[in-house]
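Chemist: Got a structure for you, entry_6.csv, holding CSV, C-alpha atoms.
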chain,number,residue,atom,x,y,z
A,7,MET,CA,13.1,-27.3,16.0
A,8,PRO,CA,15.9,-27.4,13.4
A,9,HIS,CA,16.6,-24.4,11.2
A,10,VAL,CA,15.5,-25.3,7.6
A,11,ALA,CA,18.2,-24.4,5.2
A,12,ASP,CA,17.3,-22.2,2.3
A,13,THR,CA,17.4,-24.4,-0.7
A,14,GLY,CA,17.0,-21.5,-3.1
A,15,LEU,CA,14.2,-23.5,-4.8
A,16,CYS,CA,11.5,-21.2,-3.8
A,17,GLU,CA,13.0,-18.0,-5.0
A,18,ASN,CA,10.2,-15.4,-5.5
A,19,ASN,CA,9.9,-11.9,-6.7
A,20,PHE,CA,7.5,-10.7,-4.0
A,21,PHE,CA,8.0,-7.3,-2.6
A,22,THR,CA,9.5,-7.6,0.8
A,23,PRO,CA,10.0,-4.5,2.9
A,24,GLN,CA,13.5,-3.8,4.1
A,25,LEU,CA,13.7,-3.0,7.8
A,26,THR,CA,16.7,-1.3,9.2
A,27,GLY,CA,18.6,-3.1,11.9
A,28,SER,CA,18.2,-6.7,13.0
A,29,LYS,CA,14.8,-7.2,14.6
A,30,MET,CA,14.9,-10.9,14.2
A,31,ASN,CA,14.5,-11.9,17.8
A,32,LYS,CA,12.0,-14.1,19.6
A,33,ASN,CA,10.0,-11.0,20.7
A,34,LEU,CA,8.8,-10.3,17.2
A,35,LYS,CA,5.1,-9.6,17.4
A,36,PHE,CA,2.8,-11.6,15.0
A,37,LEU,CA,-0.8,-11.1,14.0
A,38,ILE,CA,-2.5,-14.2,12.7
A,39,VAL,CA,-5.6,-13.4,10.6
A,40,ASP,CA,-7.9,-16.3,9.7
A,41,ASP,CA,-11.7,-16.9,10.1
A,42,PHE,CA,-11.1,-20.5,11.1
A,43,LEU,CA,-10.2,-21.1,14.7
A,44,THR,CA,-8.4,-24.4,13.8
A,45,MET,CA,-6.0,-22.7,11.4
A,46,ARG,CA,-5.3,-19.8,13.8
A,47,ARG,CA,-4.4,-22.3,16.5
A,48,ILE,CA,-2.2,-24.4,14.1
A,49,VAL,CA,-0.2,-21.3,13.0
A,50,LYS,CA,0.1,-20.1,16.6
A,51,ASN,CA,1.5,-23.5,17.7
A,52,LEU,CA,3.9,-23.6,14.8
A,53,LEU,CA,5.2,-20.1,15.8
A,54,LYS,CA,5.5,-21.3,19.4
A,55,ASP,CA,7.6,-24.3,18.1
A,56,LEU,CA,9.8,-21.7,16.4
A,57,GLY,CA,10.2,-19.8,19.7
A,58,PHE,CA,7.7,-17.0,19.0
A,59,ASN,CA,5.2,-16.4,21.8
A,60,ASN,CA,4.2,-12.8,21.1
A,61,VAL,CA,1.2,-13.7,18.9
A,62,GLU,CA,-2.2,-12.1,18.5
A,63,GLU,CA,-5.2,-13.3,16.5
A,64,ALA,CA,-7.9,-11.7,14.4
A,65,GLU,CA,-11.0,-13.4,12.9
A,66,ASP,CA,-11.1,-11.3,9.7
A,67,GLY,CA,-9.5,-8.4,7.9
A,68,ALA,CA,-11.6,-5.8,9.5
A,69,ILE,CA,-10.7,-6.9,13.1
A,70,ALA,CA,-7.1,-7.2,11.9
A,71,TRP,CA,-7.1,-3.7,10.6
A,72,GLU,CA,-8.3,-2.4,13.9
A,73,LYS,CA,-5.7,-4.3,15.8
A,74,LEU,CA,-3.0,-3.1,13.5
A,75,GLN,CA,-3.6,0.5,14.5
A,76,GLY,CA,-1.0,1.2,17.0
A,77,GLY,CA,-0.5,-2.5,17.7
A,78,ASN,CA,3.2,-2.5,16.8
A,79,PHE,CA,3.0,-5.8,14.9
A,80,ASP,CA,6.2,-6.9,13.2
A,81,ILE,CA,4.7,-9.5,10.9
A,82,VAL,CA,1.1,-10.3,9.6
A,83,ILE,CA,0.2,-13.8,8.5
A,84,SER,CA,-3.2,-13.6,6.7
A,85,ASP,CA,-5.8,-15.8,5.1
A,86,TRP,CA,-7.5,-14.6,1.9
A,87,ASN,CA,-11.1,-15.7,2.0
A,88,MET,CA,-12.7,-14.1,5.1
A,89,PRO,CA,-15.9,-12.3,5.9
A,90,ASN,CA,-16.1,-8.5,6.4
A,91,MET,CA,-12.7,-7.8,4.9
A,92,ASP,CA,-10.7,-10.3,2.9
A,93,GLY,CA,-6.9,-10.8,3.1
A,94,LEU,CA,-6.1,-9.1,-0.2
A,95,THR,CA,-8.0,-5.9,0.8
A,96,LEU,CA,-6.2,-6.0,4.2
A,97,LEU,CA,-2.9,-6.3,2.4
A,98,GLN,CA,-3.7,-3.4,0.1
A,99,LYS,CA,-4.8,-1.3,3.0
A,100,ILE,CA,-1.5,-2.1,4.9
A,101,ARG,CA,0.6,-1.2,1.9
A,102,ALA,CA,-1.3,2.1,1.4
A,103,ASP,CA,-0.9,3.1,5.0
A,104,ALA,CA,2.0,5.4,6.0
A,105,ASN,CA,2.6,3.7,9.3
A,106,LEU,CA,2.1,0.1,8.3
A,107,SER,CA,3.3,0.0,4.7
A,108,LYS,CA,6.6,-1.7,5.6
A,109,THR,CA,5.1,-4.5,7.7
A,110,PRO,CA,5.7,-7.9,6.1
A,111,VAL,CA,2.5,-9.8,5.2
A,112,LEU,CA,2.7,-13.5,4.5
A,113,MET,CA,-0.4,-14.9,2.8
A,114,VAL,CA,-1.5,-18.3,3.9
A,115,THR,CA,-4.5,-19.3,1.9
A,116,ALA,CA,-6.4,-22.0,0.1
A,117,GLU,CA,-6.8,-19.8,-3.0
A,118,ALA,CA,-4.5,-21.6,-5.3
A,119,GLN,CA,-5.1,-20.0,-8.7
A,120,LYS,CA,-2.4,-18.2,-10.6
A,121,LYS,CA,-4.4,-15.1,-10.7
A,122,ASN,CA,-4.6,-15.1,-6.9
A,123,ILE,CA,-0.8,-15.4,-6.5
A,124,ILE,CA,-0.2,-12.7,-9.1
A,125,ALA,CA,-2.7,-10.4,-7.5
A,126,ALA,CA,-1.1,-10.9,-4.1
A,127,ALA,CA,2.3,-10.3,-5.5
A,128,GLN,CA,1.2,-7.1,-7.2
A,129,ALA,CA,-0.4,-6.0,-4.0
A,130,GLY,CA,2.9,-6.4,-2.2
A,131,ALA,CA,2.7,-9.7,-0.4
A,132,SER,CA,5.9,-10.8,1.3
A,133,GLY,CA,5.2,-14.5,0.6
A,134,TYR,CA,2.5,-16.8,-0.4
A,135,VAL,CA,1.8,-20.2,1.2
A,136,VAL,CA,-1.0,-22.4,-0.2
A,137,LYS,CA,-3.1,-24.5,2.2
A,138,PRO,CA,-2.6,-27.3,3.2
A,139,PHE,CA,1.0,-26.6,4.0
A,140,SER,CA,3.7,-28.3,6.0
A,141,ALA,CA,5.5,-26.9,9.1
A,142,ALA,CA,8.7,-26.8,7.0
A,143,ILE,CA,7.1,-24.6,4.3
A,144,LEU,CA,5.8,-22.1,6.7
A,145,GLU,CA,9.2,-22.0,8.5
A,146,GLU,CA,11.0,-21.6,5.2
A,147,LYS,CA,8.8,-18.7,4.1
A,148,LEU,CA,9.2,-17.0,7.5
A,149,ASN,CA,12.9,-17.4,7.4
A,150,LYS,CA,13.0,-15.6,4.0
A,151,ILE,CA,11.0,-12.7,5.5
A,152,PHE,CA,13.4,-12.7,8.5
A,153,GLU,CA,16.4,-12.5,6.2
A,154,LYS,CA,14.9,-9.5,4.4
A,155,MET,CA,14.1,-7.8,7.7
A,156,GLY,CA,17.6,-8.4,9.1
A,157,GLY,CA,19.3,-7.3,5.9
B,2,MET,CA,-46.6,-33.6,-25.5
B,3,GLN,CA,-50.0,-32.1,-24.7
B,4,THR,CA,-49.8,-28.7,-23.2
B,5,ASP,CA,-52.2,-25.9,-22.5
B,6,ALA,CA,-49.8,-23.4,-24.0
B,7,LYS,CA,-50.3,-23.8,-27.7
B,8,ASP,CA,-48.4,-22.2,-30.5
B,9,ASN,CA,-51.2,-19.8,-31.3
B,10,ASP,CA,-50.9,-18.7,-27.7
B,11,PHE,CA,-47.4,-17.7,-28.6
B,12,GLU,CA,-48.5,-15.7,-31.6
B,13,LEU,CA,-51.2,-13.9,-29.6
B,14,PHE,CA,-48.6,-13.3,-26.9
B,15,ALA,CA,-46.0,-12.1,-29.3
B,16,ALA,CA,-48.1,-9.5,-31.0
B,17,GLY,CA,-46.6,-6.1,-30.4
B,18,GLN,CA,-43.9,-7.3,-28.0
B,19,ASP,CA,-40.2,-7.6,-28.1
B,20,PRO,CA,-39.7,-11.0,-29.8
B,21,LEU,CA,-37.1,-12.2,-27.3
B,22,LEU,CA,-39.2,-11.3,-24.3
B,23,ALA,CA,-42.2,-12.9,-25.9
B,24,ARG,CA,-40.2,-16.1,-26.5
B,25,VAL,CA,-39.0,-16.2,-22.9
B,26,ALA,CA,-42.5,-15.6,-21.6
B,27,TYR,CA,-43.9,-18.3,-23.9
B,28,LEU,CA,-41.2,-20.8,-22.8
B,29,THR,CA,-41.9,-20.0,-19.2
B,30,ARG,CA,-45.6,-20.8,-19.6
B,31,LEU,CA,-44.8,-23.9,-21.5
B,32,LEU,CA,-42.4,-25.1,-18.8
B,33,ARG,CA,-45.0,-24.3,-16.1
B,34,SER,CA,-47.8,-26.2,-17.7
B,35,ASN,CA,-45.4,-29.2,-18.4
B,36,MET,CA,-44.3,-29.2,-14.9
B,37,ARG,CA,-47.9,-29.4,-13.6
B,38,GLU,CA,-48.6,-32.2,-16.1
B,39,LEU,CA,-45.7,-34.3,-15.1
B,40,GLY,CA,-46.2,-33.6,-11.4
B,41,LEU,CA,-42.9,-31.8,-11.2
B,42,ASP,CA,-44.4,-29.0,-9.2
B,43,LYS,CA,-44.8,-31.4,-6.4
B,44,ALA,CA,-41.1,-32.5,-6.8
B,45,VAL,CA,-40.1,-28.8,-6.7
B,46,GLU,CA,-42.2,-28.3,-3.6
B,47,GLN,CA,-40.5,-31.4,-2.0
B,48,ALA,CA,-37.1,-30.2,-2.9
B,49,ALA,CA,-37.7,-26.8,-1.4
B,50,TYR,CA,-38.9,-28.6,1.7
B,51,VAL,CA,-35.8,-30.7,2.2
B,52,ILE,CA,-33.4,-27.9,1.6
B,53,PRO,CA,-33.4,-26.5,5.2
B,54,ASP,CA,-32.7,-30.1,6.3
B,55,ALA,CA,-29.7,-30.3,3.9
B,56,ARG,CA,-28.4,-27.1,5.2
B,57,GLU,CA,-28.7,-28.2,8.8
B,58,ARG,CA,-26.8,-31.4,8.0
B,59,LEU,CA,-23.9,-29.5,6.4
B,60,ARG,CA,-23.7,-27.1,9.4
B,61,TYR,CA,-23.6,-30.2,11.6
B,62,VAL,CA,-20.5,-31.5,9.6
B,63,VAL,CA,-18.8,-28.1,10.1
B,64,ARG,CA,-19.7,-28.1,13.8
B,65,MET,CA,-18.5,-31.7,14.5
B,66,THR,CA,-15.3,-31.4,12.5
B,67,GLU,CA,-14.4,-28.2,14.3
B,68,GLN,CA,-15.2,-29.7,17.6
B,69,ALA,CA,-13.0,-32.8,16.8
B,70,ALA,CA,-10.1,-30.6,15.5
B,71,THR,CA,-10.3,-28.4,18.6
B,72,GLN,CA,-10.2,-31.5,20.8
B,73,VAL,CA,-7.1,-32.9,19.0
B,74,LEU,CA,-5.4,-29.5,19.1
B,75,SER,CA,-6.0,-29.2,22.9
B,76,ALA,CA,-4.6,-32.7,23.4
B,77,ILE,CA,-1.5,-31.9,21.4
B,78,GLU,CA,-1.0,-28.6,23.2
B,79,GLN,CA,-1.0,-30.6,26.5
B,80,ALA,CA,1.2,-33.4,25.2
B,81,GLN,CA,3.9,-31.3,23.6
B,82,PRO,CA,5.3,-29.8,26.9
B,83,LEU,CA,5.3,-33.3,28.4
B,84,GLN,CA,7.5,-34.5,25.6
B,85,SER,CA,9.8,-31.5,25.9
B,86,ALA,CA,10.1,-32.1,29.7
B,87,VAL,CA,11.1,-35.8,29.1
B,88,ASN,CA,13.7,-34.6,26.5
B,89,GLU,CA,15.1,-31.9,28.8
B,90,GLN,CA,15.3,-34.0,31.9
B,91,SER,CA,17.0,-36.9,30.1
B,92,ALA,CA,19.6,-34.5,28.8
B,93,ALA,CA,20.1,-33.0,32.3
B,94,LEU,CA,20.5,-36.5,33.8
B,95,GLN,CA,23.0,-37.4,31.1
B,96,ASN,CA,25.1,-34.4,32.0
B,97,LEU,CA,25.0,-35.4,35.7
B,98,LEU,CA,26.1,-38.9,34.8
B,99,GLU,CA,29.0,-37.6,32.8
B,100,GLY,CA,30.0,-35.3,35.7
B,101,ALA,CA,30.1,-38.3,38.0
B,102,GLU,CA,32.5,-40.2,35.9
B,103,GLY,CA,34.8,-42.6,37.8
B,104,GLN,CA,32.9,-42.3,41.1
B,105,GLY,CA,32.5,-46.0,41.7
B,106,MET,CA,29.5,-46.7,39.6
B,107,ASP,CA,29.2,-50.2,38.1
B,108,PRO,CA,30.2,-49.6,34.4
B,109,LEU,CA,27.6,-52.0,33.1
B,110,LEU,CA,24.8,-50.2,35.0
B,111,ARG,CA,26.1,-46.9,33.8
B,112,LYS,CA,26.1,-48.1,30.2
B,113,GLN,CA,22.5,-49.2,30.5
B,114,ILE,CA,21.4,-45.9,32.1
B,115,GLU,CA,23.1,-44.0,29.3
B,116,GLN,CA,21.4,-46.1,26.6
B,117,TYR,CA,18.0,-45.6,28.3
B,118,LEU,CA,18.5,-41.9,28.4
B,119,ASP,CA,19.4,-41.8,24.7
B,120,LEU,CA,16.3,-43.8,24.0
B,121,THR,CA,14.0,-41.5,25.9
B,122,ARG,CA,15.5,-38.4,24.2
B,123,ASN,CA,15.1,-40.0,20.8
B,124,HIS,CA,11.6,-41.2,21.4
B,125,ALA,CA,10.5,-37.8,22.9
B,126,ALA,CA,11.8,-36.0,19.8
B,127,THR,CA,10.1,-38.5,17.5
B,128,THR,CA,6.8,-38.3,19.4
B,129,SER,CA,7.0,-34.5,19.3
B,130,GLY,CA,7.5,-34.6,15.5
B,131,LEU,CA,4.5,-37.0,15.2
B,132,LEU,CA,2.4,-34.6,17.3
B,133,SER,CA,3.3,-31.8,14.9
B,134,GLU,CA,2.1,-34.0,12.0
B,135,ILE,CA,-1.2,-34.7,13.7
B,136,MET,CA,-1.6,-30.9,14.3
B,137,MET,CA,-0.9,-30.0,10.7
B,138,ALA,CA,-3.5,-32.6,9.6
B,139,GLN,CA,-6.2,-30.7,11.4
B,140,SER,CA,-6.0,-28.0,8.7
B,141,PHE,CA,-8.5,-30.3,6.9
B,142,GLN,CA,-11.2,-28.6,9.0
B,143,ASP,CA,-10.4,-25.2,7.5
B,144,LEU,CA,-10.3,-26.6,3.9
B,145,THR,CA,-13.4,-28.7,4.2
B,146,GLY,CA,-15.2,-25.9,6.0
B,147,GLN,CA,-14.5,-23.5,3.2
B,148,VAL,CA,-15.9,-26.0,0.7
B,149,ILE,CA,-19.0,-26.5,2.8
B,150,ALA,CA,-19.5,-22.7,3.2
B,151,LYS,CA,-19.5,-22.4,-0.6
B,152,MET,CA,-22.0,-25.2,-0.8
B,153,LEU,CA,-24.2,-23.5,1.7
B,154,ALA,CA,-24.2,-20.4,-0.4
B,155,LEU,CA,-25.1,-22.5,-3.5
B,156,ILE,CA,-28.0,-24.1,-1.6
B,157,ASP,CA,-29.3,-20.6,-0.6
B,158,GLU,CA,-29.4,-19.6,-4.2
B,159,LEU,CA,-31.0,-22.9,-5.2
B,160,GLU,CA,-33.6,-22.4,-2.6
B,161,ASN,CA,-34.4,-18.9,-3.7
B,162,GLY,CA,-34.9,-20.2,-7.2
B,163,LEU,CA,-37.2,-23.0,-6.1
B,164,ILE,CA,-39.2,-20.6,-4.0
B,165,MET,CA,-39.7,-18.4,-7.0
B,166,VAL,CA,-40.9,-21.4,-9.1
B,167,LEU,CA,-43.3,-22.4,-6.3
B,168,LEU,CA,-44.7,-18.9,-5.9
B,169,GLU,CA,-45.3,-18.7,-9.6
B,170,ASN,CA,-47.2,-22.0,-9.6
B,171,ILE,CA,-49.5,-21.3,-6.7
B,172,PRO,CA,-53.0,-20.3,-7.8
B,173,GLU,CA,-53.8,-16.6,-7.4
B,174,GLN,CA,-56.1,-17.0,-4.4
B,175,LYS,CA,-53.5,-18.9,-2.4
B,176,ARG,CA,-50.8,-16.5,-3.4
B,177,GLU,CA,-52.6,-13.6,-1.7
B,178,ASP,CA,-52.3,-15.5,1.6
B,179,LEU,CA,-48.6,-15.7,1.3
B,180,SER,CA,-48.2,-11.9,1.2
B,181,GLY,CA,-48.4,-11.5,5.0
B,182,TYR,CA,-49.3,-8.2,6.7
B,183,LEU,CA,-46.6,-5.9,5.5
B,184,ASN,CA,-47.8,-4.9,2.0
B,185,GLY,CA,-47.7,-1.2,2.5
B,186,PRO,CA,-49.5,1.4,0.3
B,187,GLN,CA,-51.6,-0.2,-2.4
B,188,VAL,CA,-50.3,1.1,-5.7
B,189,ASN,CA,-53.3,-0.2,-7.6
B,190,PRO,CA,-56.0,-1.1,-5.1
B,191,LYS,CA,-58.8,-1.6,-7.7
B,192,ALA,CA,-56.8,-4.5,-9.2
B,193,ASN,CA,-56.6,-6.3,-5.9
B,194,ALA,CA,-59.9,-7.7,-4.6
B,195,GLU,CA,-58.4,-8.0,-1.1
B,196,ALA,CA,-57.5,-4.3,-0.8
B,197,VAL,CA,-59.7,-1.5,0.3
B,198,THR,CA,-59.8,1.6,-1.9
B,199,ASN,CA,-61.0,4.2,0.6
B,200,GLN,CA,-61.9,4.9,4.2
B,201,ASP,CA,-65.6,4.2,3.7
B,202,GLN,CA,-64.7,0.6,2.9
B,203,VAL,CA,-62.6,0.4,6.0
B,204,ASP,CA,-65.5,1.7,8.1
B,205,ASP,CA,-67.9,-0.7,6.4
B,206,LEU,CA,-65.7,-3.6,7.1
B,207,LEU,CA,-65.3,-2.6,10.7
B,208,SER,CA,-69.0,-2.2,11.3
B,209,SER,CA,-69.7,-5.6,9.7
B,210,LEU,CA,-67.3,-7.0,12.3
B,211,GLY,CA,-69.4,-5.3,15.0
B,212,LEU,CA,-67.0,-2.4,15.7
Take the structure in this file and express it as structure tokens.
Modeler:
Amino acid sequence: MPHVADTGLCENNFFTPQLTGSKMNKNLKFLIVDDFLTMRRIVKNLLKDLGFNNVEEAEDGAIAWEKLQGGNFDIVISDWNMPNMDGLTLLQKIRADANLSKTPVLMVTAEAQKKNIIAAAQAGASGYVVKPFSAAILEEKLNKIFEKMGG
Amino acid sequence: MQTDAKDNDFELFAAGQDPLLARVAYLTRLLRSNMRELGLDKAVEQAAYVIPDARERLRYVVRMTEQAATQVLSAIEQAQPLQSAVNEQSAALQNLLEGAEGQGMDPLLRKQIEQYLDLTRNHAATTSGLLSEIMMAQSFQDLTGQVIAKMLALIDELENGLIMVLLENIPEQKREDLSGYLNGPQVNPKANAEAVTNQDQVDDLLSSLGL
């Protein structure tokens, strides 16, 4: 799949953790968090198209939180509206955790109100993609995260 | 409209009570008697009856769309590698053909093979892109599913409300039947004709049953 050039149109002020050294390789480990199987599969396939095969899934924030403990995940892609623990709570817990606080979290959600986006940004989201989204948008947001990780 | 809750009822009711509470209680009684007169209590009963069916239908939509989306995704996951293989093998064959330059192959045939390999590579790439589009379109299942989940929650609330209305409109005698067996300690047994007030009454009842 071709690399989508950064147009600079989607500049955002989200907090993005800085990782030292270039970890931007195809072995990056992803955690996809979404209560809908369909969406988890779509994101998983998109990552596969981008060459990333080290992917695990979680059905809600609570399961994701468990998997994150010692799971050595490099990037979390999370939905917002989920049972047991929602995506915002998961994000807040990640940012408050000494071991996980630097892990990039990309929100991929149908919550499209300004207050949602503001709350996610304030909680330290690394990016925010509104559903339904295109493959190009997800790739673009991931590339932004990779840039920050590499730099 | 004729009602059995008259204005003087309200005045009686309101005596010595919080005016707001009295007003709400009065309006509730008015609503109830009007509902009975207009036969609305039956309509409410009917509505409460069809709700489980409505819920089942919505769950069916969620189930069927998820099944369809899963089927589509499985087909795409199988088709994508096939397209990649066509693309890669065409490219490999093109390389072989270039390496065999000037080894006595008919130039016209060679040209035709090259054109065909170009075509298969282009078509494989286009098909792959179209498969991705079909895959992305399956996200409808997540979005519609979320909307339906919210509607199911709304229906639950509506049903609870309707059940309350029904309970309040059922005559006292019938209402007792609805309480089931788990009613625990009687806080005011003398007010309830169906409750016993002491062990003697229990024994009397048992002996009347031949025990």
Chemist: Residues of chain A that have any atom at most 8 Å from an atom of chain B: could you tabulate them with the shortest-distance atom pair and the distance in Å to one decimal, using all atoms listed in the file, ordered by chain and increasing number, as CSV?
Modeler:
residue,atom,partner,partner_atom,distance
A:Phe42,CA,B:Asp143,CA,6.0
A:Thr44,CA,B:Thr71,CA,6.5
A:Met45,CA,B:Ser140,CA,5.9
A:Arg47,CA,B:Leu74,CA,7.7
A:Ile48,CA,B:Met136,CA,6.5
A:Asn51,CA,B:Glu78,CA,7.9
A:Ala116,CA,B:Leu144,CA,7.1
A:Lys137,CA,B:Leu144,CA,7.7
A:Pro138,CA,B:Ser140,CA,6.5
A:Phe139,CA,B:Met137,CA,7.7
A:Ser140,CA,B:Met137,CA,6.8
A:Ala141,CA,B:Met137,CA,7.3
Chemist: Which residue gives the smallest distance to Glu117 (chain A) among A:Ile151, A:Ala129, A:Val135, A:Ala102, with all atoms listed in the file counted?
Modeler: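 For Glu117 (chain A), the nearest of the given residues is A:Val135.
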Chemist: Just give me the gap between CA of Val87 (chain B) and CA of Arg122 (chain B) in Å, one decimal is fine.
Modeler: 7.1 Å
Chemist: Kindly give the distance, in Å, that separates CA of Gln84 (chain B) and CA of Gln116 (chain B), rounded to a single decimal.
Modeler: 18.1 Å
Chemist: Please provide as number ranges by chain all residues within 10 Å of Val166 (chain B), with the sequence filter that same-chain residues fewer than 4 positions apart are discarded (counting all atoms listed in the file).
Modeler: B: 33, 42, 45-46, 49, 160-162, 170-171
Chemist: Under the rule that all atoms listed in the file are counted, which of A:Met91, A:Ile83, A:Ala126, A:Ala64 is the nearest residue to Lys147 (chain A)?
Modeler: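 The closest residue to Lys147 (chain A) is A:Ile83.
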Chemist: For Leu52 (chain A), which of B:Leu83, B:Asn193, B:Leu97, B:Leu132 is the closest residue, counting all atoms listed in the file?
Modeler: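 Distance minimum relative to Leu52 (chain A) lands on B:Leu132.
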Chemist: Measuring atom to atom with only C-alpha atoms, identify which of A:Leu34, A:Asp92, A:Arg101, A:Ser107 is nearest to Leu53 (chain A).
Modeler: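 With only C-alpha atoms as the atom set, the closest residue is A:Leu34.
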Chemist: Quote the spacing between CA of Ile52 (chain B) and CA of Ile156 (chain B) in Å to one decimal place.
Modeler: 7.3 Å
Chemist: Under the rule that only C-alpha atoms are counted, which of B:Leu131, B:Leu32, B:Gln104, B:Arg24 is the nearest residue to Glu169 (chain B)?
Modeler: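 So, comparing all the options, the nearest one is B:Leu32.
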Chemist: Find the residues near Val61 (chain A): any atom within 10 Å, counting only C-alpha atoms, skip ones fewer than 2 places away on the same chain, and give them as a list in words.
Modeler: Asn33, Leu34, Lys35, Phe36, Leu37, Ile38, Val49, Lys50, Asn51, Leu53, Lys54, Phe58, Asn59, Glu63, Phe79, Ile81 and Val82 of chain A
Chemist: Can you pull out the residues contacting Gln75 (chain A)? Cut-off 10 Å, using only C-alpha atoms, and skip same-chain residues under 4 positions away; I want them as a list in words.
Modeler: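 The filter keeps Ala70, Trp71, Phe79, Asn105 and Leu106 of chain A.
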Chemist: Excluding Leu148 (chain A) and its own-chain neighbours fewer than 2 positions away, which residues fall within 10 Å of it when counting all atoms listed in the file? Please give them as JSON, numbers by chain.
Modeler: {"A": [53, 81, 83, 110, 112, 132, 133, 142, 143, 144, 145, 146, 150, 151, 152, 153, 154]}
Chemist: At a cut-off of 10 Å, using all atoms listed in the file, what residues contact Trp86 (chain A)? Leave out same-chain residues fewer than 6 positions from it and give the result as JSON, numbers by chain.
Modeler: {"A": [39, 40, 41, 66, 67, 92, 93, 94, 95, 96, 97, 113, 114, 115, 116, 117, 122, 126]}
